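A short worksheet on the structure shown next.
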Amino acid sequence: MDRARFNIVITSLVLLSTSLCLPLDGPAQSLTMLPTRVAGPLAATAEAEDEFDQAVRLMGRVAVATSGGEHHYFIRGLRQLKDPALATLFGALAQSENRTIRINGLLGLAEVTDPPRLDMTRVSRIDAIRDRAEVMYEAMQLDLAEANELRQVLEWSDVDETTLISTMTVLVHLGNNIPIERTRELMEHSDSAGVRVWATLLLSHLNEVTMPASDIVAILDELPPSLKRRTVTTILGALYQYPFSGAAPWCAELLNLEPGWPGAKFQIIATLLKLDPMAGVKVWEQAYAEAGGLSDQLRLILVRLDAAPTIGSPQDWQAAADSDTELVAALGQLGQALTGRASVPQAAVRLIGLHHIPSTQWLFQYASDEDTTADVATPILAAMIEDTLEDGNSLNERLEIAWRAADVLLGLDSDRVVQIRQRATKQQRRLTEEAILLGSLWTVNPEALALIEEVDQWPSTRAGSLALLLEARYADQLDADDLSRLSLVFRGAGSVSPGYEIQAAWLYIKHTGREREAMALILSDIASHRAGRANPPKP
């Protein structure tokens, strides 16, 4: 899987949920400049007890769904820690009546199991089939389940057609066999035109059926225009994620019919580039030659880069590289570098400096991809962070990319990230420092501790809180002053999001050595809440 995607490609076909991927924080909140050290005497025993109780109460709120959505951030924050000591809590959350809490509980438990693995027995107890399937698909994305476990979905007695065809799709993508006759039944008898089309494309890819592309397109003609548009868009999105070459003629036929909704042409060309790159390049070249203006040119360039960045030759990009528009020329030169022997980092760094967010987002995906070598990725990711050392357009969006780049770069060259953080400190670029600290907390990486060495004071409450969280994650112990400051974070005085507040609560509990006591209280609180919901007081 491409670990660089900002969001997993989500379609109704594969039943994934954006609720599982919420960010914990954003880098550009307005903060007051305050020292990180809190002056004053150490907390008294009574105050420490009160802080412990507050930490336990906050931890208990992870099991309570709220209209404001805090529970999303709480449970995502705890999952981010990857702490085996939270296994019991995740097991309790996996029994929640709330689907988001239940699914995240199952995934959180899988992530802290050694080795990380989804508990299929627990999954089988979920009543709602789509929730069961969603857990499976998400687990596959996170390498918490394997194909043989996913095959169990095919044996569910209550499996619906959409879940069935979605599961078959993932299995074929992973190189596994599927029941052909069962797929053929979906192609011939499903009540859903979308399922029939997808089953036909799947069987065409497997060389099990031969059907003219025009006949496949015609299946969708029975749908009302709005539903047809949604169905086609969904299928194209799924094909982009799971590129089955047998579907290329269908895409070409769609393009010939010129669907009338905005953006259809670009999506079809992008999908065709994925399915049949050489045919897609020819279609792309014609579309680029006919592009009506700068906006269309940019969209087509990004489509080509995203779907087939290394297909073709530098000559394909000559027209763009010769453009009088600086952004188009920079993109063209990047295309030439990707298809030739020129320096990709050099072209990428130039493009990053133009502050065109879609281009920088694509470069982040490229640099973070597992197939991109470290010597190419490192200067590109570093440039994304360094770009926030200067003001200019779209700073908030650049900071968002910077913290994600810091996360990836820490795994490639942690010294480089430390150097950039030091530059940010010297130049008093508070938001860059915060972005780097955010990135250091996104995944488990003890090397990130080097970021906070020899720093006595941070430029904002938020930066100080993030640095303290980093220290609390990996340090063997915290002194009393640090514990007091950590309690301020989970009590809401740290200028961080709820996801980091609940991390502070758990880390405070751990550093006081009272995990077992706290977990018993948290589980009791969750049980009481469930009992109250099951037996509400009579009016």
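Numbering starts fresh at 1 for the residues of each chain in the structure tokens, the chains themselves are lettered A, B, ... in the order given, and ligands are numbered from 1 as they appear.
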
Please provide the set of residues having any atom within 10 Å of Ile452 of chain A, restricted to only C-alpha atoms, with same-chain residues fewer than 2 positions apart removed, written as a compact mmCIF listing (two decimals) with C-alpha atoms, in the first residue's frame.
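So the final result, stored in result.txt, reads:
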```txt
# COMPACT_ATOMS: atom_id res chain seq x y z
CA VAL A 418 16.68 18.11 14.11
CA ARG A 421 14.04 22.41 13.97
CA GLN A 422 17.18 24.19 15.15
CA LEU A 437 6.70 18.41 16.88
CA ALA A 448 12.27 11.86 17.83
CA LEU A 449 13.48 12.60 21.37
CA ALA A 450 16.51 14.27 19.80
CA GLU A 454 18.93 21.16 24.88
CA VAL A 455 15.72 23.19 24.61
CA ASP A 456 14.92 24.97 27.88
CA GLN A 457 11.95 26.96 26.68
CA TRP A 458 9.58 26.68 23.74
CA GLY A 464 5.79 23.15 25.02
CA LEU A 466 3.80 18.78 22.30
CA ALA A 467 7.43 18.57 23.41
CA LEU A 468 6.34 17.37 26.85
CA LEU A 470 7.13 13.55 23.25
CA GLU A 471 9.27 13.34 26.38
```

Residues near segment 54-67 of chain A, anyone? I mean within 9 Å using only C-alpha atoms, not counting same-chain ones fewer than 2 positions away, as a VMD selection string. chain A and resid 49 to 52 69 to 75 78 92 to 93 96 98 100 to 101 487 490 to 491 501 to 506 508 to 509 518 to 519 521 to 526 529

Selection export as a compact mmCIF listing (two decimals), in the first residue's frame, atoms kept: C-alpha atoms:
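What ended up in part.txt:
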```txt
# COMPACT_ATOMS: atom_id res chain seq x y z
CA GLU A 49 -4.84 12.69 43.91
CA ASP A 50 -7.17 15.18 42.25
CA GLU A 51 -5.03 15.14 39.10
CA PHE A 52 -5.09 11.34 39.03
CA GLY A 69 -17.36 14.16 18.02
CA GLU A 70 -14.77 14.32 20.81
CA HIS A 71 -14.80 10.52 21.06
CA HIS A 72 -13.27 10.35 17.56
CA TYR A 73 -10.25 12.31 18.75
CA PHE A 74 -9.99 10.51 22.08
CA ILE A 75 -9.88 7.02 20.64
CA LEU A 78 -5.03 6.46 22.28
CA ALA A 92 -13.86 -2.97 26.28
CA LEU A 93 -14.34 -0.37 23.55
CA SER A 96 -19.43 -0.55 22.43
CA ASN A 98 -21.42 2.98 18.94
CA THR A 100 -17.09 4.19 15.45
CA ILE A 101 -15.97 3.39 18.98
CA SER A 487 -1.52 17.41 34.23
CA PHE A 490 -4.93 16.93 30.07
CA ARG A 491 -6.85 19.50 32.11
CA GLU A 501 -5.15 15.75 25.98
CA ILE A 502 -6.16 12.13 26.47
CA GLN A 503 -2.64 11.02 25.59
CA ALA A 504 -1.39 13.31 28.34
CA ALA A 505 -3.87 11.75 30.77
CA TRP A 506 -2.70 8.21 30.04
CA TYR A 508 0.46 10.91 33.42
CA ILE A 509 -1.12 7.74 34.82
CA ALA A 518 -6.52 3.48 36.83
CA MET A 519 -7.56 0.78 34.37
CA LEU A 521 -11.52 2.54 37.58
CA ILE A 522 -11.81 3.32 33.85
CA LEU A 523 -13.40 -0.04 33.05
CA SER A 524 -15.79 0.35 35.98
CA ASP A 525 -16.78 3.78 34.69
CA ILE A 526 -17.41 2.37 31.21
CA HIS A 529 -22.19 4.11 31.66
```

List the spatial neighbours of segment 194-204 of chain A as a PyMOL selection string - criterion: any atom at most 8 Å away, only C-alpha atoms, same-chain residues fewer than 2 positions off excluded. chain A and resi 161-162+165+169+180+183-184+186-192+206-211+216-217+219-220+231-232+235+244+246-247

Go through A:Ile129, A:Ala264, A:Leu227, A:Leu275 and flag the residue nearest Pro243 of chain A, using only C-alpha atoms for the distances.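 Going through A:Ile129, A:Ala264, A:Leu227, A:Leu275 one by one, the smallest distance to Pro243 of chain A is for A:Leu275.
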
List the neighbours of segment 381-392 of chain A out to 8 Å using only C-alpha atoms; skip same-chain residues closer than 4 positions along the sequence, and give me the result as JSON, numbers by chain. {"A": [349, 352, 353, 355, 360, 364, 367, 377, 398, 399, 401, 402, 403, 405, 406, 408, 409, 416, 417, 420, 424, 427, 429, 432, 436]}

Since we have the selection now, will you write its residues out, keeping N, CA and C atoms, as a tab-separated table (two decimals), in the first residue's frame?
```tsv
chain	number	residue	atom	x	y	z
A	349	VAL	N	12.20	20.57	-5.58
A	349	VAL	CA	12.43	21.70	-4.66
A	349	VAL	C	12.01	23.01	-5.31
A	352	ILE	N	8.18	23.10	-5.09
A	352	ILE	CA	7.71	23.36	-3.73
A	352	ILE	C	7.75	24.85	-3.41
A	353	GLY	N	8.78	25.53	-3.89
A	353	GLY	CA	8.93	26.95	-3.62
A	353	GLY	C	7.86	27.83	-4.25
A	355	HIS	N	4.68	27.23	-3.97
A	355	HIS	CA	3.54	27.19	-3.03
A	355	HIS	C	2.23	26.82	-3.71
A	360	THR	N	2.47	20.27	-4.34
A	360	THR	CA	3.25	19.85	-3.17
A	360	THR	C	2.65	18.61	-2.54
A	364	PHE	N	4.53	15.11	-1.93
A	364	PHE	CA	4.57	14.40	-0.65
A	364	PHE	C	4.24	12.92	-0.84
A	367	ALA	N	7.26	11.30	-2.53
A	367	ALA	CA	8.43	11.15	-1.66
A	367	ALA	C	8.18	10.13	-0.56
A	377	ALA	N	13.92	10.90	-1.69
A	377	ALA	CA	12.85	11.37	-0.81
A	377	ALA	C	13.33	12.38	0.21
A	398	ARG	N	0.67	24.67	3.83
A	398	ARG	CA	2.06	24.22	3.80
A	398	ARG	C	2.49	23.64	5.15
A	399	LEU	N	1.98	24.21	6.23
A	399	LEU	CA	2.26	23.66	7.55
A	399	LEU	C	1.65	22.27	7.72
A	401	ILE	N	1.22	20.08	5.37
A	401	ILE	CA	2.10	19.15	4.66
A	401	ILE	C	3.40	18.97	5.42
A	402	ALA	N	3.90	20.05	6.04
A	402	ALA	CA	5.19	20.00	6.72
A	402	ALA	C	5.20	19.01	7.88
A	403	TRP	N	4.12	18.98	8.67
A	403	TRP	CA	4.16	18.04	9.80
A	403	TRP	C	4.09	16.60	9.33
A	405	ALA	N	5.37	15.63	6.47
A	405	ALA	CA	6.71	15.39	5.94
A	405	ALA	C	7.70	15.11	7.07
A	406	ALA	N	7.55	15.82	8.19
A	406	ALA	CA	8.44	15.60	9.33
A	406	ALA	C	8.29	14.18	9.86
A	408	VAL	N	7.49	11.45	8.19
A	408	VAL	CA	8.15	10.50	7.29
A	408	VAL	C	9.67	10.68	7.33
A	409	LEU	N	10.12	11.94	7.34
A	409	LEU	CA	11.56	12.20	7.30
A	409	LEU	C	12.26	11.72	8.57
A	416	ARG	N	18.41	15.24	10.04
A	416	ARG	CA	17.99	16.33	9.16
A	416	ARG	C	16.81	17.09	9.77
A	417	VAL	N	15.89	16.37	10.38
A	417	VAL	CA	14.75	17.03	11.01
A	417	VAL	C	15.21	17.87	12.20
A	420	ILE	N	16.62	21.12	10.94
A	420	ILE	CA	15.59	22.07	10.51
A	420	ILE	C	14.89	22.68	11.72
A	424	ALA	N	14.59	26.61	12.69
A	424	ALA	CA	13.32	27.25	13.02
A	424	ALA	C	13.40	27.99	14.34
A	427	GLN	N	15.40	31.20	13.85
A	427	GLN	CA	14.65	32.19	13.05
A	427	GLN	C	13.32	32.56	13.69
A	429	ARG	N	10.63	30.80	14.12
A	429	ARG	CA	9.49	30.33	13.31
A	429	ARG	C	8.70	29.34	14.16
A	432	THR	N	6.59	26.55	12.47
A	432	THR	CA	7.40	25.45	11.92
A	432	THR	C	7.82	24.49	13.03
A	436	ILE	N	6.82	20.48	13.22
A	436	ILE	CA	7.79	19.40	13.37
A	436	ILE	C	7.45	18.53	14.59
```

Pick out each residue of segment 207-342 of chain A that DSSP on the backbone tags as alpha helix (DSSP H); I need them as a ChimeraX atom specification. /A:213-219,225-241,248-257,264-275,277-289,294-307,318-321,326-339

Kindly indicate which residue among A:Ala193, A:Pro379, A:Pro358, A:Gln141 lies nearest to Asp221 of chain A, using only C-alpha atoms for the distances.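 Among the listed residues, A:Ala193 lies closest to Asp221 of chain A.
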
What's around Ala291 of chain A at 12 Å? Count only C-alpha atoms, leave out sequence neighbours fewer than 6 positions away in its own chain, and write the answer as number ranges by chain. A: 265-266, 284-285, 297-301, 320
